[in-house]
>>> print(open('entry.cif').read())   # mmCIF, C-alpha atoms
data_protein
#
loop_
_atom_site.label_atom_id
_atom_site.label_comp_id
_atom_site.auth_asym_id
_atom_site.auth_seq_id
_atom_site.Cartn_x
_atom_site.Cartn_y
_atom_site.Cartn_z
CA MET A 1 42.89 77.57 31.95
CA GLN A 2 46.16 75.80 32.63
CA ASP A 3 47.87 75.75 35.98
CA GLU A 4 51.02 77.56 36.94
CA PRO A 5 54.02 78.05 36.81
CA THR A 6 53.64 79.52 33.33
CA PRO A 7 55.63 78.28 30.30
CA ILE A 8 57.80 81.40 30.62
CA GLU A 9 58.69 80.55 34.21
CA LEU A 10 59.34 76.91 33.35
CA THR A 11 61.66 77.49 30.37
CA LYS A 12 63.50 80.12 32.36
CA ALA A 13 64.03 77.66 35.23
CA VAL A 14 65.53 75.07 32.85
CA ALA A 15 67.76 77.66 31.15
CA ASP A 16 69.04 78.90 34.51
CA PHE A 17 69.76 75.34 35.68
CA LEU A 18 71.78 74.56 32.52
CA ARG A 19 73.59 77.90 32.68
CA ASN A 20 74.51 77.85 36.37
CA ASP A 21 74.81 74.17 37.29
CA ILE A 22 75.71 72.27 34.11
CA THR A 23 77.94 74.70 32.20
CA PRO A 24 80.84 74.41 34.70
CA LEU A 25 80.85 70.60 34.26
CA ILE A 26 81.13 70.47 30.46
CA SER A 27 83.91 71.32 27.99
CA GLY A 28 84.81 71.15 24.29
CA HIS A 29 82.24 70.65 21.57
CA GLN A 30 79.55 69.61 24.06
CA ALA A 31 80.05 72.94 25.86
CA PHE A 32 79.45 74.73 22.56
CA LYS A 33 76.26 72.72 22.02
CA LEU A 34 75.13 73.45 25.56
CA ARG A 35 75.56 77.18 24.89
CA VAL A 36 73.39 76.83 21.78
CA ALA A 37 70.76 74.97 23.82
CA ILE A 38 70.70 77.70 26.46
CA ASN A 39 70.42 80.35 23.74
CA ILE A 40 67.42 78.51 22.33
CA LEU A 41 65.65 78.40 25.70
CA ASP A 42 66.36 82.10 26.22
CA LEU A 43 64.92 82.86 22.77
CA VAL A 44 61.79 80.81 23.52
CA THR A 45 61.37 82.66 26.81
CA ARG A 46 61.66 86.03 25.03
CA GLN A 47 59.16 84.95 22.39
CA LEU A 48 56.65 83.69 24.96
CA THR A 49 56.98 87.00 26.78
CA ARG A 50 56.60 89.31 23.79
CA GLU A 51 54.84 87.55 20.94
CA GLU A 52 51.24 88.19 21.90
CA GLY A 53 51.71 91.94 22.16
CA SER A 54 53.93 92.35 19.11
CA ASP A 55 51.65 90.22 16.89
CA ALA A 56 48.60 92.26 17.94
CA ASN A 57 50.39 95.51 17.08
CA GLU A 58 51.60 94.06 13.78
CA VAL A 59 48.08 92.97 12.79
CA GLU A 60 46.73 96.40 13.63
CA ARG A 61 49.33 98.12 11.44
CA LEU A 62 48.79 95.64 8.60
CA ARG A 63 45.01 96.15 8.66
CA ALA A 64 45.47 99.90 8.41
CA LEU A 65 48.05 99.54 5.65
CA LEU A 66 46.14 97.00 3.55
CA GLY A 67 42.53 97.85 4.35
CA GLU A 68 41.73 94.18 4.93
CA ASP A 69 41.50 91.71 7.77
CA GLY A 70 43.07 88.32 8.45
CA SER A 71 45.56 86.40 10.56
CA VAL A 72 49.09 87.76 10.99
CA MET A 73 50.30 85.17 8.44
CA GLU A 74 47.58 86.00 5.89
CA LEU A 75 48.19 89.71 6.20
CA ASN A 76 51.95 89.27 5.79
CA ARG A 77 51.31 87.19 2.69
CA ALA A 78 49.06 89.91 1.31
CA LEU A 79 51.64 92.63 1.99
CA ALA A 80 54.42 90.54 0.42
CA GLU A 81 52.32 90.11 -2.73
CA ARG A 82 51.52 93.81 -2.99
CA ILE A 83 55.19 94.75 -2.64
CA ALA A 84 56.14 92.14 -5.26
CA LYS A 85 53.57 93.61 -7.67
CA GLY A 86 54.82 97.15 -7.03
CA GLU A 87 51.44 98.25 -5.63
CA VAL A 88 53.06 99.19 -2.31
CA ASP A 89 56.54 100.65 -1.90
CA LEU A 90 58.61 102.89 0.35
CA ALA A 91 56.66 105.91 -0.90
CA THR A 92 53.48 104.35 0.54
CA PRO A 93 52.65 106.16 3.80
CA GLY A 94 53.24 103.89 6.78
CA LEU A 95 55.14 101.11 5.00
CA ALA A 96 58.65 101.99 6.18
CA GLU A 97 57.40 102.58 9.74
CA HIS A 98 55.56 99.26 9.70
CA LEU A 99 58.57 97.28 8.42
CA TRP A 100 60.87 98.92 10.95
CA ALA A 101 58.52 98.25 13.88
CA THR A 102 57.98 94.62 12.83
CA THR A 103 61.69 93.99 12.31
CA MET A 104 62.63 95.56 15.63
CA ASP A 105 60.10 93.27 17.36
CA LYS A 106 61.70 90.24 15.69
CA LEU A 107 65.24 91.20 16.68
CA ALA A 108 64.09 91.74 20.26
CA VAL A 109 63.32 88.00 20.29
CA ASP A 110 65.90 86.55 17.89
CA GLN A 111 69.05 88.54 18.68
CA PRO A 112 68.74 91.38 21.18
CA ASN A 113 72.53 91.72 21.18
CA TYR A 114 72.86 92.16 17.41
CA ALA A 115 74.83 95.38 16.91
CA SER A 116 72.55 96.89 14.23
CA TYR A 117 69.56 96.33 16.52
CA LYS A 118 71.25 97.97 19.51
CA ARG A 119 72.18 100.94 17.31
CA GLU A 120 68.62 101.34 16.05
CA LEU A 121 67.16 101.00 19.56
CA GLY A 122 69.09 104.09 20.54
CA ARG A 123 67.55 106.11 17.72
CA ASN A 124 64.35 108.16 17.81
CA PRO A 125 62.25 106.73 14.99
CA MET B 1 91.23 54.83 11.07
CA ILE B 2 91.93 57.60 8.60
CA GLU B 3 95.60 57.82 9.67
CA ALA B 4 96.37 54.48 7.98
CA GLU B 5 95.01 55.68 4.62
CA LEU B 6 96.69 59.09 5.03
CA SER B 7 100.05 57.42 5.82
CA ARG B 8 99.87 55.17 2.76
CA SER B 9 98.88 58.16 0.63
CA ALA B 10 101.60 60.51 1.93
CA ARG B 11 104.34 57.93 1.44
CA ARG B 12 103.36 57.70 -2.24
CA TRP B 13 103.51 61.41 -3.17
CA CYS B 14 105.74 62.97 -0.50
CA PRO B 15 109.31 61.63 -0.96
CA GLY B 16 110.89 60.72 2.37
CA ALA B 17 107.60 60.80 4.32
CA THR B 18 107.51 58.04 6.92
CA GLY B 19 103.91 58.32 8.09
CA VAL B 20 101.16 60.50 9.48
CA THR B 21 100.23 61.45 13.06
CA GLY B 22 97.72 63.60 14.93
CA ALA B 23 94.77 63.32 12.52
CA ALA B 24 91.84 65.30 13.89
CA LYS B 25 88.56 66.31 12.29
CA LEU B 26 88.19 70.09 12.14
CA SER B 27 84.72 70.34 10.68
CA GLY B 28 82.36 68.33 8.61
CA GLY B 29 78.89 67.37 7.61
CA ALA B 30 77.59 64.31 5.82
CA SER B 31 78.98 65.18 2.41
CA GLN B 32 82.25 66.98 3.13
CA ASP B 33 84.82 67.10 5.93
CA THR B 34 88.14 68.71 6.81
CA TRP B 35 90.98 67.09 8.77
CA ARG B 36 94.30 68.33 10.11
CA PHE B 37 97.31 66.00 10.41
CA ASP B 38 101.11 65.98 10.46
CA ILE B 39 103.31 64.22 7.95
CA THR B 40 106.42 62.84 9.66
CA HIS B 41 109.52 63.45 7.60
CA PRO B 42 113.29 63.25 8.33
CA ASP B 43 113.62 66.99 7.50
CA GLY B 44 110.88 67.92 9.97
CA VAL B 45 107.15 67.61 10.44
CA ILE B 46 104.92 68.95 7.64
CA GLY B 47 101.55 70.31 8.80
CA ALA B 48 98.75 69.37 6.41
CA ILE B 49 95.00 69.66 5.84
CA LEU B 50 92.72 67.17 4.08
CA ARG B 51 89.56 68.49 2.46
CA ARG B 52 87.39 65.79 0.96
CA SER B 53 84.05 64.24 0.20
CA PRO B 54 84.06 60.77 1.75
CA LYS B 55 83.49 57.77 -0.51
CA GLY B 56 79.98 57.72 -1.90
CA TYR B 57 79.55 61.50 -1.69
CA GLY B 58 81.09 62.58 -4.99
CA ALA B 59 78.33 64.81 -6.31
CA ALA B 60 78.68 68.51 -5.58
CA PRO B 61 75.67 70.66 -4.70
CA THR B 62 74.51 72.79 -7.62
CA ARG B 63 76.21 76.06 -6.70
CA ALA B 64 79.52 74.53 -5.66
CA ALA B 65 82.47 74.37 -8.03
CA GLY B 66 83.59 70.99 -6.67
CA LEU B 67 86.73 70.01 -4.77
CA ALA B 68 88.82 69.38 -7.88
CA ALA B 69 88.13 72.90 -9.13
CA GLU B 70 88.82 74.27 -5.65
CA ALA B 71 92.24 72.60 -5.59
CA GLN B 72 93.08 73.97 -9.02
CA LEU B 73 92.05 77.51 -8.03
CA MET B 74 94.05 77.45 -4.79
CA GLN B 75 97.12 76.26 -6.61
CA LEU B 76 96.68 78.92 -9.30
CA ALA B 77 96.26 81.57 -6.60
CA TYR B 78 99.34 80.32 -4.77
CA GLU B 79 101.43 80.52 -7.94
CA ALA B 80 100.16 84.04 -8.68
CA GLY B 81 101.12 85.30 -5.21
CA VAL B 82 97.57 85.51 -3.85
CA PRO B 83 97.81 84.27 -0.23
CA SER B 84 96.73 80.65 -0.44
CA PRO B 85 97.76 77.27 0.93
CA ARG B 86 99.97 75.17 -1.36
CA VAL B 87 98.10 72.17 -2.71
CA MET B 88 100.29 69.13 -2.13
CA HIS B 89 98.17 66.33 -3.57
CA VAL B 90 94.85 65.82 -5.34
CA LEU B 91 93.25 62.56 -4.16
CA THR B 92 93.18 59.61 -6.55
CA PRO B 93 91.19 56.34 -6.20
CA GLU B 94 94.33 54.56 -4.87
CA ASP B 95 94.29 56.88 -1.83
CA ASP B 96 91.00 55.31 -0.74
CA LEU B 97 90.01 58.58 0.94
CA GLY B 98 87.17 59.73 -1.32
CA THR B 99 87.56 62.79 -3.55
CA GLY B 100 89.33 66.01 -2.60
CA PHE B 101 92.83 67.25 -1.92
CA ILE B 102 95.59 67.70 0.65
CA MET B 103 97.15 71.10 1.25
CA GLN B 104 99.91 72.54 3.39
CA ARG B 105 98.60 73.87 6.71
CA VAL B 106 98.87 77.64 7.13
CA GLU B 107 99.14 78.74 10.77
CA GLY B 108 96.90 81.56 11.91
CA GLU B 109 93.36 82.36 13.01
CA THR B 110 90.07 82.08 11.09
CA ILE B 111 87.59 82.79 13.91
CA ALA B 112 86.31 86.26 13.08
CA ARG B 113 85.53 87.37 16.63
CA LYS B 114 89.04 86.50 17.83
CA ILE B 115 90.59 88.38 14.92
CA LEU B 116 88.46 91.42 15.75
CA ARG B 117 89.00 91.36 19.53
CA ASP B 118 92.27 89.65 20.48
CA GLU B 119 95.38 91.69 21.30
CA GLU B 120 97.45 89.37 19.10
CA PHE B 121 95.86 90.86 15.96
CA ALA B 122 95.82 94.52 17.08
CA ALA B 123 98.65 95.46 14.73
CA ALA B 124 97.15 93.59 11.78
CA ARG B 125 93.58 94.97 12.04
CA PRO B 126 94.21 98.51 10.71
CA ILE B 127 95.95 97.22 7.57
CA LEU B 128 93.47 94.50 6.65
CA ALA B 129 90.83 96.47 4.69
CA ARG B 130 93.43 97.86 2.31
CA GLN B 131 95.28 94.57 2.10
CA ILE B 132 92.06 92.76 1.22
CA GLY B 133 91.59 95.22 -1.65
CA GLY B 134 94.99 94.26 -3.04
CA ILE B 135 94.32 90.54 -2.62
CA LEU B 136 90.97 90.77 -4.42
CA ALA B 137 92.64 92.64 -7.27
CA GLY B 138 95.16 89.80 -7.60
CA LEU B 139 92.42 87.19 -7.44
CA HIS B 140 90.38 88.93 -10.14
CA ARG B 141 93.44 88.97 -12.35
CA LEU B 142 94.08 85.20 -12.26
CA PRO B 143 94.60 84.00 -15.85
CA GLN B 144 91.24 82.96 -17.27
CA ASP B 145 92.72 80.49 -19.74
CA ARG B 146 94.00 78.41 -16.82
CA LEU B 147 90.83 78.35 -14.72
CA PRO B 148 88.85 75.12 -14.26
CA GLU B 149 85.36 74.95 -15.70
CA LEU B 150 83.12 77.22 -13.60
CA ARG B 151 79.51 78.36 -13.77
CA SER B 152 79.00 81.88 -15.04
CA ARG B 153 76.63 84.22 -13.18
CA GLY B 154 75.73 87.85 -13.73
CA ALA B 155 73.56 90.16 -11.65
CA THR B 156 70.32 89.45 -13.55
CA GLN B 157 70.67 85.67 -13.23
CA GLU B 158 71.54 85.94 -9.56
CA ILE B 159 68.41 87.99 -8.81
CA ALA B 160 66.29 85.39 -10.60
CA GLU B 161 67.97 82.53 -8.77
CA PHE B 162 67.54 84.08 -5.31
CA GLU B 163 63.97 85.02 -6.06
CA ARG B 164 63.27 81.37 -7.00
CA ASP B 165 65.02 80.11 -3.84
CA TYR B 166 63.05 82.55 -1.68
CA ARG B 167 59.69 81.70 -3.28
CA SER B 168 60.36 77.98 -2.88
CA LEU B 169 60.56 78.52 0.90
CA ASN B 170 56.91 79.72 0.85
CA TRP B 171 57.78 82.10 3.64
CA PRO B 172 56.25 85.56 3.14
CA LYS B 173 58.75 88.22 4.16
CA PRO B 174 57.80 91.77 3.18
CA VAL B 175 61.38 93.05 3.75
CA PHE B 176 62.79 90.43 1.36
CA GLU B 177 60.15 91.42 -1.22
CA LEU B 178 61.24 95.03 -0.87
CA ALA B 179 64.87 94.00 -1.37
CA LEU B 180 63.97 91.94 -4.46
CA ARG B 181 62.15 94.96 -5.95
CA TRP B 182 65.15 97.17 -5.21
CA LEU B 183 67.49 94.65 -6.85
CA HIS B 184 65.30 94.46 -9.98
CA ASP B 185 65.19 98.27 -10.15
CA HIS B 186 68.95 98.62 -9.64
CA ASP B 187 70.13 95.64 -11.69
CA PRO B 188 73.37 96.97 -13.22
CA GLY B 189 73.20 94.46 -16.10
CA PRO B 190 76.18 92.59 -17.48
CA SER B 191 79.52 93.64 -16.06
CA GLY B 192 81.89 95.42 -18.44
CA GLU B 193 84.38 92.74 -17.62
CA THR B 194 83.94 89.15 -16.49
CA THR B 195 86.54 87.71 -14.11
CA LEU B 196 86.98 84.93 -11.63
CA VAL B 197 84.82 85.69 -8.55
CA HIS B 198 85.72 83.96 -5.28
CA GLY B 199 82.09 83.95 -4.16
CA ASP B 200 82.61 83.64 -0.39
CA PHE B 201 85.45 86.07 0.36
CA ARG B 202 84.75 87.32 3.89
CA ASN B 203 85.97 87.53 7.47
CA GLY B 204 85.75 83.91 8.64
CA ASN B 205 87.15 82.45 5.42
CA LEU B 206 90.57 84.09 5.76
CA ILE B 207 93.55 82.85 7.77
CA ILE B 208 94.92 85.90 9.57
CA GLY B 209 98.22 86.24 11.40
CA GLN B 210 99.94 89.10 13.18
CA ASP B 211 101.19 90.24 9.78
CA GLY B 212 97.79 90.22 8.05
CA VAL B 213 96.08 87.84 5.60
CA ARG B 214 98.00 84.57 5.20
CA ALA B 215 95.53 82.55 3.15
CA VAL B 216 92.19 82.78 1.37
CA LEU B 217 90.06 79.68 2.00
CA ASP B 218 86.72 78.16 0.88
CA TRP B 219 86.79 78.55 -2.87
CA GLU B 220 83.79 76.28 -3.35
CA LEU B 221 81.47 79.06 -4.55
CA ALA B 222 83.96 80.38 -7.13
CA HIS B 223 82.43 81.32 -10.49
CA LEU B 224 82.83 83.70 -13.40
CA GLY B 225 81.05 87.01 -13.05
CA ASP B 226 81.21 90.63 -11.93
CA PRO B 227 84.37 91.23 -9.87
CA MET B 228 82.49 93.84 -7.82
CA GLU B 229 80.49 90.96 -6.29
CA ASP B 230 83.44 90.03 -4.05
CA LEU B 231 83.85 93.65 -2.89
CA GLY B 232 80.16 93.82 -1.96
CA TRP B 233 80.05 90.45 -0.16
CA VAL B 234 83.04 91.25 2.07
CA CYS B 235 81.06 94.32 3.29
CA VAL B 236 77.83 92.47 4.24
CA ASN B 237 77.02 93.43 7.82
CA SER B 238 76.80 89.84 9.08
CA TRP B 239 80.56 89.48 8.38
CA ARG B 240 81.43 92.54 10.51
CA PHE B 241 80.69 90.56 13.68
CA GLY B 242 79.50 93.56 15.66
CA GLU B 243 81.99 96.14 14.32
CA ILE B 244 79.23 97.70 12.25
CA ASP B 245 80.99 100.98 11.52
CA LYS B 246 83.83 99.16 9.76
CA PRO B 247 82.14 97.75 6.68
CA VAL B 248 85.06 95.65 5.40
CA GLY B 249 84.80 92.58 7.63
CA GLY B 250 84.82 94.75 10.76
CA PHE B 251 88.40 95.79 9.88
CA GLY B 252 88.11 99.10 8.06
CA THR B 253 86.43 101.38 5.56
CA ARG B 254 85.24 100.90 2.00
CA GLU B 255 87.62 103.73 1.03
CA GLU B 256 90.58 101.68 2.27
CA LEU B 257 89.32 98.59 0.45
CA PHE B 258 88.84 100.55 -2.78
CA ALA B 259 92.25 102.24 -2.42
CA GLY B 260 93.96 98.87 -2.03
CA TYR B 261 92.11 97.51 -5.05
CA GLU B 262 92.96 100.50 -7.23
CA ALA B 263 96.58 100.67 -6.06
CA ALA B 264 96.88 97.16 -7.49
CA GLY B 265 95.80 98.53 -10.85
CA ARG B 266 92.10 97.67 -11.00
CA LYS B 267 89.05 99.92 -11.13
CA VAL B 268 86.22 100.00 -8.55
CA ASP B 269 82.58 100.72 -9.43
CA PRO B 270 81.04 101.80 -6.07
CA ASP B 271 77.44 101.58 -7.35
CA ARG B 272 77.96 97.96 -8.35
CA VAL B 273 79.61 97.23 -5.00
CA LYS B 274 76.53 98.64 -3.22
CA PHE B 275 74.24 96.53 -5.44
CA TRP B 276 76.18 93.38 -4.48
CA GLU B 277 76.16 94.30 -0.80
CA VAL B 278 72.34 94.48 -0.87
CA MET B 279 72.28 91.25 -2.90
CA GLY B 280 74.67 89.59 -0.47
CA THR B 281 72.62 90.61 2.56
CA LEU B 282 69.49 89.13 0.97
CA ARG B 283 71.49 86.06 -0.09
CA TRP B 284 72.52 85.34 3.51
CA GLY B 285 68.94 85.88 4.66
CA ILE B 286 67.63 83.36 2.14
CA MET B 287 70.39 80.94 3.13
CA CYS B 288 69.16 81.21 6.73
CA GLY B 289 65.70 80.30 5.46
CA GLY B 290 67.17 77.30 3.69
CA MET B 291 68.78 76.20 6.96
CA MET B 292 65.40 76.44 8.66
CA GLN B 293 63.87 74.28 5.94
CA ARG B 294 66.63 71.66 6.12
CA PHE B 295 66.30 71.57 9.88
CA ARG B 296 62.58 70.96 9.58
CA GLU B 297 62.52 68.52 6.67
CA GLY B 298 66.00 67.18 6.20
CA PRO B 299 68.34 64.83 7.99
CA ASP B 300 70.24 67.58 9.84
CA HIS B 301 68.03 68.14 12.85
CA SER B 302 70.71 69.99 14.84
CA MET B 303 70.11 72.86 17.24
CA GLU B 304 72.77 74.93 15.46
CA ARG B 305 70.92 74.69 12.16
CA ALA B 306 67.64 75.60 13.84
CA MET B 307 69.22 78.71 15.35
CA ILE B 308 70.69 79.83 12.01
CA GLY B 309 67.09 79.88 10.77
CA ARG B 310 66.46 82.54 13.40
CA ARG B 311 69.25 84.69 11.96
CA ALA B 312 67.16 85.70 8.92
CA SER B 313 65.86 88.69 10.87
CA GLU B 314 69.40 90.10 11.21
CA THR B 315 69.45 90.45 7.43
CA GLU B 316 66.05 92.14 7.51
CA ILE B 317 67.28 94.89 9.82
CA ASP B 318 70.43 95.26 7.71
CA LEU B 319 68.39 95.47 4.50
CA LEU B 320 66.22 98.19 6.10
CA ARG B 321 69.37 100.04 7.18
CA LEU B 322 70.55 99.92 3.56
CA LEU B 323 67.25 100.64 1.77
CA ALA B 324 65.14 102.66 4.24
CA PRO B 325 67.59 104.23 6.71
CA ARG B 326 66.10 106.19 9.59
CA GLY B 327 67.33 109.60 10.69
CA SER B 328 69.53 110.01 13.73
#
>>> encode(input="entry.cif", output="structure tokens")
Amino acid sequence: MQDEPTPIELTKAVADFLRNDITPLISGHQAFKLRVAINILDLVTRQLTREEGSDANEVERLRALLGEDGSVMELNRALAERIAKGEVDLATPGLAEHLWATTMDKLAVDQPNYASYKRELGRNP
Amino acid sequence: MIEAELSRSARRWCPGATGVTGAAKLSGGASQDTWRFDITHPDGVIGAILRRSPKGYGAAPTRAAGLAAEAQLMQLAYEAGVPSPRVMHVLTPEDDLGTGFIMQRVEGETIARKILRDEEFAAARPILARQIGGILAGLHRLPQDRLPELRSRGATQEIAEFERDYRSLNWPKPVFELALRWLHDHDPGPSGETTLVHGDFRNGNLIIGQDGVRAVLDWELAHLGDPMEDLGWVCVNSWRFGEIDKPVGGFGTREELFAGYEAAGRKVDPDRVKFWEVMGTLRWGIMCGGMMQRFREGPDHSMERAMIGRRASETEIDLLRLLAPRGS
């Protein structure tokens, strides 16, 4: 077991330092790049916070959908192949719900301010 | 410095020009860059833009039409009254600037978010969707016997090409598979009519002023194909920049776009437009995957490129909204 602070706390500390202390000192193209850097650290923090839970849920749904076991990557590969072959489609019970849940979990990490995501968050699935 | 070459060049083809000042790089990667500069002239300063591949970078990527073709298309558009910068000079070896062209600078804004939010464009925004329809109609009517040599691409070939690109990424994405199946099932086949297609006509590639569209830029993906492709691409959600209820670039409705197109004497096929919107959404998603791959394996190890890789999921949610919409 590793010591603390946790990776989440550490990346957050760096992001906050860049945001609060460095941003006011920088302008022009470097300021743009700094914003990108801060966005990356924020994304990493969100992923570290959420990935374990969302991957576990995704694997559980995939196992039910496919009737087989494997890593999250292997199961995604298997689902992709079945959709490509036409063996699974939107008429398959659970597929649409699975794809929606998985995609919403990705947007929560990648782009929580993306307008389509915010719209869908406000919906009852 | 580039100003010395630009000055020598301008004095050759611009009668009365005395030199060049204020050269500044606007954008650029390894193979292509864009510069702004001013030509000094006794009658007044002439604002100009250089778009070129530096020496040693002549070869165009496979999908691109090439800078010479781009210059020819912009000039043709300008002459036909489609808003476009005037091409002033196509580079020759004596210019010592690489390959490309110099065009007159059109003042206005290209940054989509500013166009959608700033007060300055408030009067222009409500007219843009319809105006874009009219401009696309003019563009699709450019005389085919005067076009440069361009690749020809229909729906079926495009599906095959994107499927190949996606598979080469070795990146299993069930939502992309679903979209590919949908595209195969809804392939509209050859278009009744083949026209010039701009290929990247969207908010971000247009110069907008208070009066509306002033110029159409970035013709590098121009090809021959289904004119409805341009109407679908301009509606892709990623080019609405948050204004998701206004499909045409965040400006207005499809109905306004179609009305503008038809008022200019051309027919819209809404089913084909929808097909190309789904195709375009997937296309942007696969392009994001390509960025991820180039970040990982290629010479461009920039943070920006890495982050574009993480934009693939925005196209997944937009594909689901198109293909498997949820109730309210």
>>> residues_around(input="entry.cif", residues="Pro227 of chain B", least_positions_apart="6", cutoff="9 Å", atoms="all atoms listed in the file", output="ChimeraX atom specification")
/B:136-137,140,191,193-198
>>> closest_atom_pairs(input="entry.cif", of="chain A", to="chain B", cutoff="10 Å", atoms="only C-alpha atoms", output="CSV")
residue,atom,partner,partner_atom,distance
A:Phe32,CA,B:Glu304,CA,9.8
A:Lys33,CA,B:Glu304,CA,7.8
A:Leu34,CA,B:Met303,CA,9.7
A:Val36,CA,B:Glu304,CA,6.6
A:Ala37,CA,B:Met303,CA,6.9
A:Asn39,CA,B:Met307,CA,8.6
A:Ile40,CA,B:Met307,CA,7.2
A:Leu43,CA,B:Arg310,CA,9.5
A:Met73,CA,B:Pro172,CA,8.0
A:Glu74,CA,B:Pro172,CA,9.1
A:Leu75,CA,B:Pro172,CA,9.6
A:Asn76,CA,B:Pro172,CA,6.3
A:Arg77,CA,B:Pro172,CA,5.2
A:Ala78,CA,B:Pro172,CA,8.6
A:Leu79,CA,B:Pro174,CA,6.3
A:Ala80,CA,B:Pro174,CA,4.5
A:Glu81,CA,B:Glu177,CA,8.1
A:Arg82,CA,B:Pro174,CA,9.0
A:Ile83,CA,B:Glu177,CA,6.1
A:Ala84,CA,B:Glu177,CA,5.7
A:Lys85,CA,B:Arg181,CA,8.9
A:Gly86,CA,B:Arg181,CA,7.7
A:Val88,CA,B:Leu178,CA,9.3
A:Asp89,CA,B:Leu178,CA,7.4
A:Leu90,CA,B:Ala324,CA,7.6
A:Leu95,CA,B:Pro174,CA,9.9
A:Ala96,CA,B:Ala324,CA,6.8
A:Glu97,CA,B:Arg326,CA,9.4
A:Leu99,CA,B:Val175,CA,6.9
A:Trp100,CA,B:Leu320,CA,7.3
A:Thr102,CA,B:Ile317,CA,9.8
A:Thr103,CA,B:Ile317,CA,6.2
A:Met104,CA,B:Ile317,CA,7.5
A:Asp105,CA,B:Ser313,CA,9.8
A:Lys106,CA,B:Ser313,CA,6.6
A:Leu107,CA,B:Ser313,CA,6.4
A:Val109,CA,B:Arg310,CA,9.3
A:Asp110,CA,B:Arg310,CA,6.0
A:Gln111,CA,B:Glu314,CA,7.6
A:Asn113,CA,B:Gly242,CA,9.1
A:Tyr114,CA,B:Gly242,CA,7.0
A:Ala115,CA,B:Gly242,CA,5.2
A:Ser116,CA,B:Ile244,CA,7.0
A:Tyr117,CA,B:Ile317,CA,7.2
A:Arg119,CA,B:Ile244,CA,9.3
A:Glu120,CA,B:Arg326,CA,8.5
A:Gly122,CA,B:Ser328,CA,9.0
A:Arg123,CA,B:Ser328,CA,5.9
A:Asn124,CA,B:Ser328,CA,6.8
A:Pro125,CA,B:Arg326,CA,6.7
>>> resolve_selection(input="entry.cif", expression="the PyMOL selection byres ((chain B and resi 231) around 9)", output="list in words")
Gly133, Leu136, Phe201, Pro227, Met228, Glu229, Asp230, Gly232, Trp233, Val234, Cys235, Val248, Arg254, Leu257, Phe258, Val268, Val273, Lys274, Trp276 and Glu277 of chain B
>>> residues_around(input="entry.cif", residues="Ser53 of chain B", least_positions_apart="6", cutoff="8 Å", atoms="only C-alpha atoms", output="list in words")
Ser31, Gln32, Asp33, Gly98, Thr99 and Gly100 of chain B
>>> residues_around(input="entry.cif", residues="segment 62-66 of chain A", least_positions_apart="3", cutoff="7 Å", atoms="only C-alpha atoms", output="PyMOL selection string")
chain A and resi 58-59+69+75+94
>>> resolve_selection(input="entry.cif", expression="the PyMOL selection byres ((chain B and resi 113) around 10)", output="VMD selection string")
chain B and resid 109 to 112 114 to 118 203 to 204 239 to 243 250
>>> write_last_selection(input="entry.cif", atoms="C-alpha atoms", output="mmCIF file, in the coordinates of the input")
data_model
loop_
_atom_site.group_PDB
_atom_site.id
_atom_site.type_symbol
_atom_site.label_atom_id
_atom_site.label_comp_id
_atom_site.auth_asym_id
_atom_site.auth_seq_id
_atom_site.Cartn_x
_atom_site.Cartn_y
_atom_site.Cartn_z
ATOM 1 C CA GLU B 109 93.360 82.360 13.010
ATOM 2 C CA THR B 110 90.070 82.080 11.090
ATOM 3 C CA ILE B 111 87.590 82.790 13.910
ATOM 4 C CA ALA B 112 86.310 86.260 13.080
ATOM 5 C CA LYS B 114 89.040 86.500 17.830
ATOM 6 C CA ILE B 115 90.590 88.380 14.920
ATOM 7 C CA LEU B 116 88.460 91.420 15.750
ATOM 8 C CA ARG B 117 89.000 91.360 19.530
ATOM 9 C CA ASP B 118 92.270 89.650 20.480
ATOM 10 C CA ASN B 203 85.970 87.530 7.470
ATOM 11 C CA GLY B 204 85.750 83.910 8.640
ATOM 12 C CA TRP B 239 80.560 89.480 8.380
ATOM 13 C CA ARG B 240 81.430 92.540 10.510
ATOM 14 C CA PHE B 241 80.690 90.560 13.680
ATOM 15 C CA GLY B 242 79.500 93.560 15.660
ATOM 16 C CA GLU B 243 81.990 96.140 14.320
ATOM 17 C CA GLY B 250 84.820 94.750 10.760
#
>>> residues_around(input="entry.cif", residues="Ile39 of chain B", least_positions_apart="3", cutoff="8 Å", atoms="only C-alpha atoms", output="PyMOL selection string")
chain B and resi 7+10+17-21+45-48
>>> atom_distance(input="entry.cif", atom1="atom CA of Pro5 of chain A", atom2="atom CA of Ser54 of chain A")
22.8 Å
>>> atom_distance(input="entry.cif", atom1="atom CA of Trp284 of chain B", atom2="atom CA of Asp211 of chain B")
29.8 Å
>>> atom_distance(input="entry.cif", atom1="atom CA of Glu52 of chain A", atom2="atom CA of Asp16 of chain A")
23.7 Å
>>> resolve_selection(input="entry.cif", expression="the PyMOL selection byres ((chain B and resi 108) around 10)", output="list of chain:residue names")
B:Arg105, B:Val106, B:Glu107, B:Glu109, B:Thr110, B:Ile111, B:Ile115, B:Leu206, B:Ile207, B:Ile208, B:Gly209, B:Gln210, B:Asp211, B:Gly212, B:Val213, B:Arg214, B:Ala215
